[in-house]
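Undergrad: Okay, so here is start.txt, and as you'll see once you scroll down, it has compact mmCIF, C-alpha atoms.
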# COMPACT_ATOMS: atom_id res chain seq x y z
CA MET E 6 66.65 88.12 134.04
CA ILE E 7 67.26 91.02 131.66
CA LYS E 8 65.78 89.98 128.34
CA PHE E 9 67.25 90.96 124.99
CA ILE E 10 63.83 92.37 124.10
CA ASP E 11 60.52 92.38 125.94
CA PHE E 12 57.46 92.62 123.67
CA ILE E 13 55.03 92.60 126.59
CA ARG E 14 56.32 95.90 127.95
CA GLU E 15 55.69 97.56 124.61
CA TYR E 16 52.24 96.02 124.23
CA ASN E 17 51.19 97.10 127.74
CA SER E 18 52.14 100.70 126.93
CA ILE E 19 49.76 100.87 123.92
CA LYS E 20 47.32 98.07 124.80
CA SER E 21 44.15 100.15 124.59
CA ASP E 22 44.91 101.56 121.13
CA ILE E 23 46.11 98.20 119.81
CA ASN E 24 43.04 96.33 121.03
CA LYS E 25 40.76 99.00 119.57
CA ALA E 26 42.53 98.82 116.19
CA ILE E 27 42.31 95.03 116.09
CA ASN E 28 38.62 95.02 117.03
CA LEU E 29 37.82 97.57 114.30
CA VAL E 30 39.41 95.31 111.70
CA LEU E 31 37.56 92.26 112.99
CA LYS E 32 34.26 94.14 112.89
CA SER E 33 34.92 95.52 109.41
CA GLY E 34 34.85 92.09 107.78
CA GLN E 35 37.63 93.22 105.42
CA TYR E 36 40.97 91.55 106.06
CA ILE E 37 43.04 91.87 102.85
CA LEU E 38 44.11 95.07 101.01
CA GLY E 39 41.48 97.23 102.63
CA GLU E 40 41.21 100.65 104.23
CA LYS E 41 43.83 100.05 106.92
CA VAL E 42 46.48 99.02 104.39
CA ARG E 43 45.77 102.11 102.29
CA GLU E 44 45.88 104.26 105.43
CA PHE E 45 49.20 102.82 106.51
CA GLU E 46 50.72 103.15 103.03
CA LYS E 47 49.75 106.83 102.99
CA ASN E 48 51.04 107.43 106.54
CA PHE E 49 54.29 105.58 105.99
CA ALA E 50 55.03 107.34 102.69
CA SER E 51 54.49 110.63 104.48
CA TYR E 52 56.77 109.55 107.33
CA CYS E 53 59.54 108.56 104.92
CA LYS E 54 59.00 111.70 102.81
CA THR E 55 58.31 109.66 99.65
CA LYS E 56 55.49 109.87 97.13
CA TYR E 57 54.47 106.23 97.30
CA CYS E 58 54.43 103.19 99.57
CA VAL E 59 53.37 99.61 98.83
CA GLY E 60 52.67 97.23 101.71
CA VAL E 61 53.96 93.68 101.22
CA ASN E 62 54.23 90.58 103.37
CA SER E 63 57.90 90.82 104.43
CA GLY E 64 61.16 92.71 104.10
CA THR E 65 62.50 89.88 101.94
CA ASP E 66 59.65 90.31 99.48
CA ALA E 67 60.16 94.07 99.56
CA LEU E 68 63.68 93.50 98.21
CA TYR E 69 62.59 90.79 95.78
CA LEU E 70 59.73 92.80 94.27
CA SER E 71 61.92 95.90 94.02
CA LEU E 72 64.46 93.91 92.01
CA LEU E 73 61.69 92.62 89.73
CA SER E 74 60.23 96.08 89.33
CA ALA E 75 63.66 97.33 88.25
CA GLY E 76 63.78 94.58 85.62
CA ILE E 77 66.65 92.77 87.31
CA GLY E 78 66.91 89.01 86.80
CA LYS E 79 68.91 86.17 85.32
CA GLY E 80 72.35 87.21 84.05
CA ASP E 81 72.43 90.38 86.17
CA GLU E 82 74.63 91.11 89.19
CA VAL E 83 73.68 92.95 92.36
CA ILE E 84 76.25 94.25 94.85
CA VAL E 85 75.52 93.29 98.46
CA PRO E 86 77.47 93.76 101.72
CA VAL E 87 78.78 90.49 103.11
CA ASN E 88 77.95 91.59 106.66
CA THR E 89 74.16 91.48 106.67
CA ALA E 90 71.23 89.18 107.32
CA MET E 91 70.70 86.38 104.82
CA PRO E 92 67.47 87.79 103.30
CA THR E 93 69.38 90.63 101.64
CA ALA E 94 71.16 88.17 99.36
CA ILE E 95 68.37 85.57 99.30
CA ALA E 96 66.15 88.16 97.61
CA VAL E 97 68.77 88.56 94.87
CA LEU E 98 68.77 84.81 94.26
CA MET E 99 64.97 84.83 94.21
CA SER E 100 65.06 87.35 91.37
CA GLY E 101 67.40 85.12 89.37
CA ALA E 102 70.30 87.56 89.63
CA THR E 103 73.70 86.92 91.22
CA PRO E 104 74.81 88.56 94.49
CA VAL E 105 78.32 90.05 94.41
CA PHE E 106 79.75 90.56 97.88
CA VAL E 107 81.69 93.51 99.30
CA ASP E 108 83.36 93.69 102.72
CA CYS E 109 82.18 96.05 105.46
CA ASP E 110 83.85 99.17 106.84
CA GLU E 111 84.57 100.20 110.45
CA ASP E 112 80.90 101.16 110.88
CA PHE E 113 79.90 97.58 109.96
CA LEU E 114 78.28 99.00 106.78
CA ILE E 115 79.10 98.24 103.15
CA ASP E 116 82.60 99.49 102.31
CA ILE E 117 81.75 101.95 99.55
CA LYS E 118 85.40 102.31 98.53
CA GLN E 119 85.44 98.67 97.45
CA ILE E 120 82.35 98.87 95.25
CA PRO E 121 83.91 100.23 92.00
CA ALA E 122 86.33 97.28 91.85
CA VAL E 123 83.48 94.74 91.58
CA ILE E 124 81.29 96.61 89.07
CA THR E 125 81.06 94.83 85.72
CA LYS E 126 78.91 95.10 82.59
CA LYS E 127 76.47 92.76 84.34
CA THR E 128 76.07 94.95 87.43
CA LYS E 129 72.59 96.42 87.67
CA ALA E 130 72.13 97.50 91.29
CA ILE E 131 73.63 98.10 94.72
CA ILE E 132 71.80 97.14 97.90
CA PRO E 133 73.19 99.26 100.74
CA VAL E 134 72.08 97.89 104.11
CA HIS E 135 71.46 100.44 106.85
CA LEU E 136 72.71 97.96 109.43
CA TYR E 137 72.00 98.05 113.16
CA GLY E 138 70.04 101.32 112.71
CA LYS E 139 72.82 103.36 111.11
CA ALA E 140 72.43 104.84 107.63
CA CYS E 141 75.01 104.31 104.90
CA ASP E 142 76.63 107.32 103.22
CA MET E 143 73.84 107.83 100.71
CA SER E 144 75.42 110.97 99.23
CA VAL E 145 78.40 109.00 97.93
CA LEU E 146 76.30 105.99 96.95
CA MET E 147 73.93 108.07 94.84
CA LYS E 148 76.86 109.65 92.99
CA LEU E 149 78.31 106.20 92.41
CA ALA E 150 74.99 104.89 91.11
CA LYS E 151 74.64 107.82 88.74
CA LYS E 152 78.19 107.37 87.42
CA PHE E 153 77.67 103.69 86.60
CA ASN E 154 73.94 103.87 85.82
CA LEU E 155 72.93 101.54 88.65
CA PHE E 156 69.78 101.15 90.71
CA ILE E 157 69.97 101.81 94.44
CA ILE E 158 67.71 99.50 96.45
CA GLU E 159 67.96 100.48 100.11
CA ASP E 160 67.66 97.71 102.67
CA CYS E 161 66.05 99.65 105.53
CA ALA E 162 64.94 96.64 107.57
CA GLN E 163 66.98 97.57 110.64
CA ALA E 164 66.82 101.35 110.47
CA ASN E 165 63.23 102.53 110.39
CA GLY E 166 63.37 106.28 111.08
CA ALA E 167 67.09 106.73 110.47
CA SER E 168 68.35 109.43 108.13
CA TRP E 169 71.44 110.59 106.28
CA ARG E 170 72.03 114.35 106.23
CA ASN E 171 68.51 114.93 107.57
CA LYS E 172 66.92 112.97 104.72
CA LYS E 173 65.08 109.80 105.70
CA ILE E 174 66.38 106.46 104.52
CA GLY E 175 64.06 104.88 102.00
CA SER E 176 63.77 108.21 100.19
CA TRP E 177 67.28 108.30 98.69
CA GLY E 178 67.35 105.37 96.29
CA ASP E 179 65.03 104.04 93.62
CA PHE E 180 63.41 101.79 96.22
CA GLY E 181 63.36 101.67 100.02
CA CYS E 182 62.71 98.21 101.48
CA PHE E 183 61.38 97.83 105.02
CA SER E 184 60.68 94.90 107.30
CA PHE E 185 58.08 94.98 110.07
CA TYR E 186 59.17 91.72 111.67
CA PRO E 187 58.29 92.05 115.39
CA VAL E 188 61.84 92.83 116.59
CA LYS E 189 62.23 95.86 114.29
CA ASN E 190 62.03 99.46 115.48
CA LEU E 191 58.58 99.50 113.87
CA GLY E 192 57.38 95.94 114.25
CA ALA E 193 54.10 94.22 113.50
CA TYR E 194 52.62 91.30 115.45
CA GLY E 195 53.64 88.98 112.64
CA ASP E 196 55.32 89.36 109.28
CA GLY E 197 55.05 92.48 107.18
CA GLY E 198 57.03 94.77 104.92
CA ALA E 199 56.82 97.82 102.68
CA ILE E 200 58.48 99.44 99.68
CA THR E 201 58.83 103.19 99.28
CA THR E 202 59.55 104.94 95.99
CA ASN E 203 59.19 108.30 94.27
CA ASN E 204 58.70 106.75 90.82
CA LYS E 205 55.08 106.37 89.73
CA ASN E 206 55.85 103.65 87.18
CA TYR E 207 57.68 101.53 89.78
CA TYR E 208 54.82 102.10 92.21
CA GLN E 209 52.18 100.92 89.75
CA LYS E 210 54.24 97.88 88.82
CA LEU E 211 54.77 97.00 92.48
CA LEU E 212 51.02 97.09 93.05
CA ARG E 213 50.65 94.48 90.29
CA LEU E 214 53.61 92.38 91.38
CA ARG E 215 52.31 91.96 94.94
CA PHE E 216 48.94 90.65 93.72
CA TYR E 217 49.45 88.05 90.96
CA GLY E 218 50.19 90.69 88.34
CA GLN E 219 46.61 91.91 88.44
CA GLU E 220 45.74 95.33 87.07
CA LYS E 221 42.07 94.55 86.58
CA HIS E 222 40.00 92.26 88.77
CA MET E 223 40.74 88.59 88.07
CA GLU E 224 43.04 89.46 85.17
CA SER E 225 46.77 88.71 85.45
CA ALA E 226 48.50 91.13 83.08
CA GLU E 227 52.03 90.00 84.00
CA PHE E 228 53.96 87.79 86.39
CA GLY E 229 53.15 88.47 90.01
CA VAL E 230 53.10 86.82 93.42
CA ASN E 231 51.02 86.79 96.57
CA SER E 232 52.76 89.35 98.80
CA ARG E 233 50.22 91.45 100.64
CA LEU E 234 50.39 93.30 103.93
CA ASP E 235 47.19 92.25 105.68
CA GLU E 236 44.67 94.57 107.31
CA MET E 237 45.37 93.42 110.86
CA GLN E 238 49.09 94.13 110.68
CA ALA E 239 48.47 97.45 108.90
CA ALA E 240 46.13 98.53 111.70
CA ILE E 241 48.72 97.59 114.31
CA LEU E 242 51.44 99.43 112.39
CA ASN E 243 49.29 102.55 112.15
CA VAL E 244 49.10 102.63 115.94
CA LYS E 245 52.80 102.03 116.39
CA LEU E 246 53.94 104.49 113.72
CA ALA E 247 52.67 107.35 115.89
CA HIS E 248 55.15 106.29 118.59
CA LEU E 249 58.16 105.52 116.38
CA ASN E 250 60.01 108.82 116.82
CA ASP E 251 59.63 108.69 120.61
CA TRP E 252 60.77 105.08 120.69
CA ASN E 253 63.78 105.86 118.51
CA ASN E 254 64.65 108.79 120.77
CA ARG E 255 64.59 106.41 123.72
CA ARG E 256 66.90 104.00 121.89
CA GLN E 257 69.33 106.88 121.40
CA GLU E 258 69.15 107.69 125.11
CA ILE E 259 69.93 104.08 125.97
CA ALA E 260 72.87 104.06 123.54
CA LYS E 261 74.20 107.25 125.12
CA LEU E 262 73.90 105.65 128.55
CA TYR E 263 75.76 102.52 127.38
CA ARG E 264 78.55 104.73 126.01
CA LYS E 265 78.79 106.59 129.29
CA LEU E 266 78.67 103.58 131.61
CA ILE E 267 80.72 100.93 129.76
CA THR E 268 84.36 101.63 130.65
CA ASN E 269 85.95 98.19 130.29
CA PRO E 270 89.11 98.73 128.17
CA ASN E 271 88.61 95.33 126.52
CA VAL E 272 85.33 96.50 124.97
CA ILE E 273 85.22 98.47 121.72
CA LEU E 274 82.09 100.59 121.47
CA PRO E 275 80.46 101.41 118.11
CA LEU E 276 81.80 104.54 116.42
CA PRO E 277 79.94 107.78 117.18
CA THR E 278 77.56 109.13 114.57
CA ASN E 279 78.27 112.08 112.32
CA LYS E 280 75.91 112.95 109.47
CA ASN E 281 73.77 110.02 110.44
CA ASN E 282 70.69 109.81 112.68
CA HIS E 283 71.41 106.40 114.20
CA VAL E 284 68.23 104.77 115.57
CA TYR E 285 70.00 101.86 117.28
CA HIS E 286 67.99 98.85 116.24
CA LEU E 287 70.94 97.09 117.84
CA PHE E 288 73.73 98.25 120.14
CA VAL E 289 76.71 96.19 119.08
CA ILE E 290 80.06 96.04 120.88
CA ARG E 291 83.31 94.28 119.99
CA VAL E 292 85.26 92.03 122.34
CA LYS E 293 88.15 89.69 121.54
CA GLN E 294 86.95 87.15 124.10
CA ARG E 295 83.37 87.34 122.83
CA ASP E 296 82.16 83.89 123.89
CA LYS E 297 83.59 84.28 127.40
CA LEU E 298 81.85 87.62 127.85
CA MET E 299 78.54 86.20 126.62
CA LYS E 300 78.86 83.32 129.06
CA PHE E 301 79.70 85.77 131.87
CA LEU E 302 76.66 87.90 131.06
CA LYS E 303 74.43 84.83 130.92
CA GLN E 304 75.68 83.75 134.35
CA ASN E 305 74.56 87.18 135.54
CA ASN E 306 71.10 86.74 133.98
CA ILE E 307 71.69 89.05 131.02
CA THR E 308 70.65 87.86 127.54
CA THR E 309 72.77 88.82 124.52
CA LEU E 310 72.82 87.77 120.86
CA ILE E 311 75.23 87.64 117.93
CA HIS E 312 74.43 89.47 114.67
CA TYR E 313 75.81 87.76 112.56
CA PRO E 314 77.98 84.77 113.49
CA VAL E 315 78.54 83.60 109.89
CA PRO E 316 79.19 86.16 107.11
CA LEU E 317 77.32 85.54 103.87
CA HIS E 318 80.35 84.33 101.93
CA LYS E 319 80.70 81.45 104.40
CA GLN E 320 77.04 80.44 104.25
CA PRO E 321 76.57 77.22 102.18
CA THR E 322 73.91 78.92 100.03
CA PHE E 323 76.32 81.63 98.88
CA LYS E 324 79.71 79.88 98.72
CA LYS E 325 79.66 79.88 94.92
CA ASN E 326 79.31 83.68 95.05
CA ALA E 327 82.17 84.15 97.53
CA HIS E 328 84.80 85.66 95.27
CA GLY E 329 87.39 87.80 97.03
CA LEU E 330 88.55 88.40 100.58
CA PHE E 331 86.41 89.75 103.42
CA PRO E 332 88.78 90.11 106.39
CA ARG E 333 86.85 92.75 108.29
CA ALA E 334 83.54 90.87 108.17
CA GLU E 335 85.29 87.69 109.32
CA MET E 336 86.94 89.52 112.23
CA TYR E 337 83.71 91.15 113.31
CA ALA E 338 81.84 87.84 113.12
CA ASN E 339 84.12 86.57 115.90
CA GLU E 340 83.97 89.70 118.04
CA LEU E 341 80.51 91.26 117.92
CA ILE E 342 77.92 91.06 120.68
CA SER E 343 74.48 92.67 120.56
CA LEU E 344 73.42 94.01 123.95
CA PRO E 345 69.78 94.34 125.05
CA MET E 346 68.25 97.30 123.19
CA TYR E 347 64.59 98.28 123.03
CA PRO E 348 62.67 101.42 124.10
CA PHE E 349 61.30 99.92 127.30
CA LEU E 350 64.67 98.88 128.71
CA LYS E 351 65.04 100.62 132.09
CA ASP E 352 67.99 102.83 133.03
CA SER E 353 68.59 100.58 136.02
CA GLU E 354 68.87 97.59 133.67
CA VAL E 355 71.33 99.41 131.40
CA ASN E 356 73.32 100.30 134.49
CA ARG E 357 73.40 96.68 135.62
CA ILE E 358 74.46 95.45 132.15
CA ALA E 359 77.29 97.99 132.07
CA THR E 360 78.37 97.11 135.61
CA VAL E 361 78.64 93.42 134.75
CA ILE E 362 80.56 94.17 131.54
CA ASN E 363 82.98 96.38 133.46
CA LYS E 364 83.67 93.49 135.85
CA PHE E 365 84.61 91.19 132.99
CA ILE E 366 88.32 90.32 133.02
CA VAL E 367 89.96 88.75 129.97
Turn the structure described in the file into structure tokens.
TA:
Amino acid sequence: MIKFIDFIREYNSIKSDINKAINLVLKSGQYILGEKVREFEKNFASYCKTKYCVGVNSGTDALYLSLLSAGIGKGDEVIVPVNTAMPTAIAVLMSGATPVFVDCDEDFLIDIKQIPAVITKKTKAIIPVHLYGKACDMSVLMKLAKKFNLFIIEDCAQANGASWRNKKIGSWGDFGCFSFYPVKNLGAYGDGGAITTNNKNYYQKLLRLRFYGQEKHMESAEFGVNSRLDEMQAAILNVKLAHLNDWNNRRQEIAKLYRKLITNPNVILPLPTNKNNHVYHLFVIRVKQRDKLMKFLKQNNITTLIHYPVPLHKQPTFKKNAHGLFPRAEMYANELISLPMYPFLKDSEVNRIATVINKFIV
């Protein structure tokens, strides 16, 4: 069986360092907002080329707290791509604001050309999602944000290490929001997230927001929540961060191999990259007979997934926000298949996956 992802292979490759890091935390007797969290925040800010980083308990909270830090709430609108994971828009609802959906482009990313048409006096921010590991065109988005005086809150959950024009994602906008859910390119052994920013005021507010609004010990100066990256996960992430570039390079090698080996004319491969350092959190192909191909692969002991089978505008939670038409997202929802993709996938396994796909007859 070729798994979609195999966490054990990754763990075995760094077992000694991981076990040492965990034991040090256990022996320290400090498990919340301690030295390891501060160390990771410093390391991750440096990696992303930003001034500040705040560790939080999830990518969803990273988005939510960024919205709050920007002063966005009830009566405001936030532009979100319709082709993304639910948390992107859930975070907007959590803030009290309203998500406004935009269709995706041929890269599966937010269609920037459609954004101006949905901007109103209530619009306060755009959340570009660097989906599947590929960065959005941040050059154009930043110009758009400046023109309309909007915040840019980058959803970097699936693209840790990606860049646009040699500048890391998470360093372009007002906020960069990251998830360390285990399946991510940089994943914890549980939940975790982080926010990057270059604005000192936002940074200081985020520190308060993640810890009950506290600025002084046991004194809540403003509204805040419990959203802390814990010491254990921070220690694990510190170990893994040192390997992230190598792991992303391996993902790119696997993607290149898929492109070379998959020759079935019924399969549409993802578009090649240009000014974008794609880190391939997912390798997603398009097939008209998607369900048949998935069944065929399963019969050949190959696990695949669908990201995402139901666009946001068709989710019950967001139906009241579904104004407009989203033909591309609807088409892709019926055609996309995510193939196995993780750094410890073997060349022989990629070869077998491609061989089976090439045997598939519509």
Undergrad: Would you list the contacts of E:Phe9 as an mmCIF file with C-alpha atoms, keeping the file's coordinate frame, taking every protein, DNA or RNA residue within 8 Å and counting only C-alpha atoms, but skipping same-chain residues closer than 2 positions in sequence?
TA:
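Listed below is the output, around.cif:
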data_model
loop_
_atom_site.group_PDB
_atom_site.id
_atom_site.type_symbol
_atom_site.label_atom_id
_atom_site.label_comp_id
_atom_site.auth_asym_id
_atom_site.auth_seq_id
_atom_site.Cartn_x
_atom_site.Cartn_y
_atom_site.Cartn_z
ATOM 1 C CA ILE E 7 67.260 91.020 131.660
ATOM 2 C CA ASP E 11 60.520 92.380 125.940
ATOM 3 C CA ILE E 307 71.690 89.050 131.020
ATOM 4 C CA THR E 308 70.650 87.860 127.540
ATOM 5 C CA THR E 309 72.770 88.820 124.520
ATOM 6 C CA LEU E 310 72.820 87.770 120.860
ATOM 7 C CA LEU E 344 73.420 94.010 123.950
ATOM 8 C CA PRO E 345 69.780 94.340 125.050
ATOM 9 C CA MET E 346 68.250 97.300 123.190
#
Undergrad: Please provide the set of residues having any atom within 10 Å of E:Asp110, restricted to only C-alpha atoms, with same-chain residues fewer than 3 positions apart removed, written as a PyMOL selection string.
TA: chain E and resi 86+88+107+113-119+333-334
Undergrad: Please provide as a list in words all residues within 12 Å of E:Glu220, with the sequence filter that same-chain residues fewer than 6 positions apart are discarded (counting all atoms listed in the file).
TA: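 Residues near the query, excluding close chain neighbours: Gln209, Lys210, Leu211, Leu212, Arg213, Leu214, Ala226, Glu227, Phe228 and Gly229 of chain E.
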Undergrad: As a PyMOL selection string, please: the residues near stretch 320-330 of chain E (cut-off 7 Å, all atoms listed in the file, same-chain neighbours under 2 positions excluded).
TA: chain E and resi 104-106+315-318+332
Undergrad: Generate the output file for the selected residues, C-alpha atoms, as a compact mmCIF listing (two decimals), keeping the file's coordinate frame.
TA:
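That gives us part-v7.txt:
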# COMPACT_ATOMS: atom_id res chain seq x y z
CA PRO E 104 74.81 88.56 94.49
CA VAL E 105 78.32 90.05 94.41
CA PHE E 106 79.75 90.56 97.88
CA VAL E 315 78.54 83.60 109.89
CA PRO E 316 79.19 86.16 107.11
CA LEU E 317 77.32 85.54 103.87
CA HIS E 318 80.35 84.33 101.93
CA PRO E 332 88.78 90.11 106.39
Undergrad: Please provide the set of residues having any atom within 6 Å of E:Ile200, restricted to all atoms listed in the file, with same-chain residues fewer than 4 positions apart removed, written as an MDAnalysis selection string.
TA: chainID E and resid 58:59 67 181:182
Undergrad: Residues as selected, C-alpha atoms, written as a PDB file, in the frame of the given file, can you do that?
TA:
ATOM      1  CA  CYS E  58      54.430 103.190  99.570  1.00  0.00           C
ATOM      2  CA  VAL E  59      53.370  99.610  98.830  1.00  0.00           C
ATOM      3  CA  ALA E  67      60.160  94.070  99.560  1.00  0.00           C
ATOM      4  CA  GLY E 181      63.360 101.670 100.020  1.00  0.00           C
ATOM      5  CA  CYS E 182      62.710  98.210 101.480  1.00  0.00           C
TER       6      CYS E 182
END
Undergrad: When you count all atoms listed in the file, which of these residues is closest to E:Phe183: E:Ser168, E:Thr65, E:Ser225, E:Thr89?
TA: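 Among the listed residues, E:Thr65 lies closest to E:Phe183.
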Undergrad: Between E:Gln35, E:Asn253, E:Thr125, E:Asn17, which is the closest to E:Pro348 once you count only C-alpha atoms?
TA: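 Using only C-alpha atoms, E:Pro348 sits closest to E:Asn253.
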Undergrad: Rounded to one decimal place, report the atom CA of E:Leu38-atom CA of E:Asp196 distance in Å.
TA: 15.1 Å
Undergrad: Tell me which of E:Phe288, E:Tyr217, E:Tyr347, E:Phe12 sits closest to E:Tyr137, counting all atoms listed in the file.
TA: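 That would be E:Phe288, the residue with the smallest distance to E:Tyr137.
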Undergrad: Please report the interatomic distance between atom CA of E:Asp160 and atom CA of E:Leu68 in Å with one decimal.
TA: 7.3 Å
Undergrad: Taking all atoms listed in the file into account, which of E:Asn190, E:Ser63, E:Thr278, E:Asn171 comes nearest E:Trp252?
TA: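 When distances to E:Trp252 are compared using all atoms listed in the file, the smallest one comes from E:Asn190.
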Undergrad: Under the rule that all atoms listed in the file are counted, which of E:Lys41, E:Arg295, E:His135, E:Lys319 is the nearest residue to E:Lys173?
TA: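 Among E:Lys41, E:Arg295, E:His135, E:Lys319, it is E:His135 that comes nearest to E:Lys173.
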Undergrad: One decimal, in Å: what's the spacing between atom CA of E:Lys32 and atom CA of E:Ala240?
TA: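 Interatomic distance here is 12.7 Å.
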Undergrad: Kindly add N, CA and C atoms to the incomplete stretch 48-70 of chain E and provide the output as a CSV table (one decimal), in the coordinates of the input.
TA:
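Output saved as selection.csv:
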chain,number,residue,atom,x,y,z
E,48,ASN,N,50.3,106.9,105.3
E,48,ASN,CA,51.0,107.4,106.5
E,48,ASN,C,52.5,107.2,106.5
E,49,PHE,N,52.9,105.9,106.0
E,49,PHE,CA,54.3,105.6,106.0
E,49,PHE,C,55.0,106.3,104.9
E,50,ALA,N,54.4,106.5,103.7
E,50,ALA,CA,55.0,107.3,102.7
E,50,ALA,C,55.3,108.8,103.2
E,51,SER,N,54.3,109.3,103.9
E,51,SER,CA,54.5,110.6,104.5
E,51,SER,C,55.6,110.7,105.5
E,52,TYR,N,55.7,109.6,106.3
E,52,TYR,CA,56.8,109.6,107.3
E,52,TYR,C,58.1,109.5,106.7
E,53,CYS,N,58.2,108.7,105.6
E,53,CYS,CA,59.5,108.6,104.9
E,53,CYS,C,59.8,109.7,103.9
E,54,LYS,N,58.9,110.6,103.8
E,54,LYS,CA,59.0,111.7,102.8
E,54,LYS,C,59.2,111.2,101.4
E,55,THR,N,58.3,110.2,101.0
E,55,THR,CA,58.3,109.7,99.6
E,55,THR,C,56.9,109.8,99.1
E,56,LYS,N,56.8,109.7,97.8
E,56,LYS,CA,55.5,109.9,97.1
E,56,LYS,C,54.6,108.6,97.3
E,57,TYR,N,55.3,107.5,97.3
E,57,TYR,CA,54.5,106.2,97.3
E,57,TYR,C,55.0,105.2,98.3
E,58,CYS,N,54.1,104.3,98.7
E,58,CYS,CA,54.4,103.2,99.6
E,58,CYS,C,53.5,102.0,99.2
E,59,VAL,N,54.1,100.8,99.1
E,59,VAL,CA,53.4,99.6,98.8
E,59,VAL,C,53.6,98.6,100.0
E,60,GLY,N,52.5,98.2,100.6
E,60,GLY,CA,52.7,97.2,101.7
E,60,GLY,C,52.8,95.8,101.1
E,61,VAL,N,53.8,95.1,101.7
E,61,VAL,CA,54.0,93.7,101.2
E,61,VAL,C,54.1,92.8,102.5
E,62,ASN,N,54.3,91.5,102.2
E,62,ASN,CA,54.2,90.6,103.4
E,62,ASN,C,55.5,90.4,104.1
E,63,SER,N,56.6,91.0,103.7
E,63,SER,CA,57.9,90.8,104.4
E,63,SER,C,59.0,91.7,103.8
E,64,GLY,N,60.0,91.9,104.6
E,64,GLY,CA,61.2,92.7,104.1
E,64,GLY,C,61.9,92.0,103.0
E,65,THR,N,61.9,90.7,103.0
E,65,THR,CA,62.5,89.9,101.9
E,65,THR,C,61.8,90.1,100.6
E,66,ASP,N,60.4,90.1,100.7
E,66,ASP,CA,59.6,90.3,99.5
E,66,ASP,C,59.8,91.8,99.0
E,67,ALA,N,60.0,92.7,99.9
E,67,ALA,CA,60.2,94.1,99.6
E,67,ALA,C,61.4,94.2,98.7
E,68,LEU,N,62.5,93.5,99.0
E,68,LEU,CA,63.7,93.5,98.2
E,68,LEU,C,63.4,92.8,96.9
E,69,TYR,N,62.8,91.6,97.0
E,69,TYR,CA,62.6,90.8,95.8
E,69,TYR,C,61.7,91.5,94.7
E,70,LEU,N,60.6,92.1,95.2
E,70,LEU,CA,59.7,92.8,94.3
E,70,LEU,C,60.4,94.1,93.7
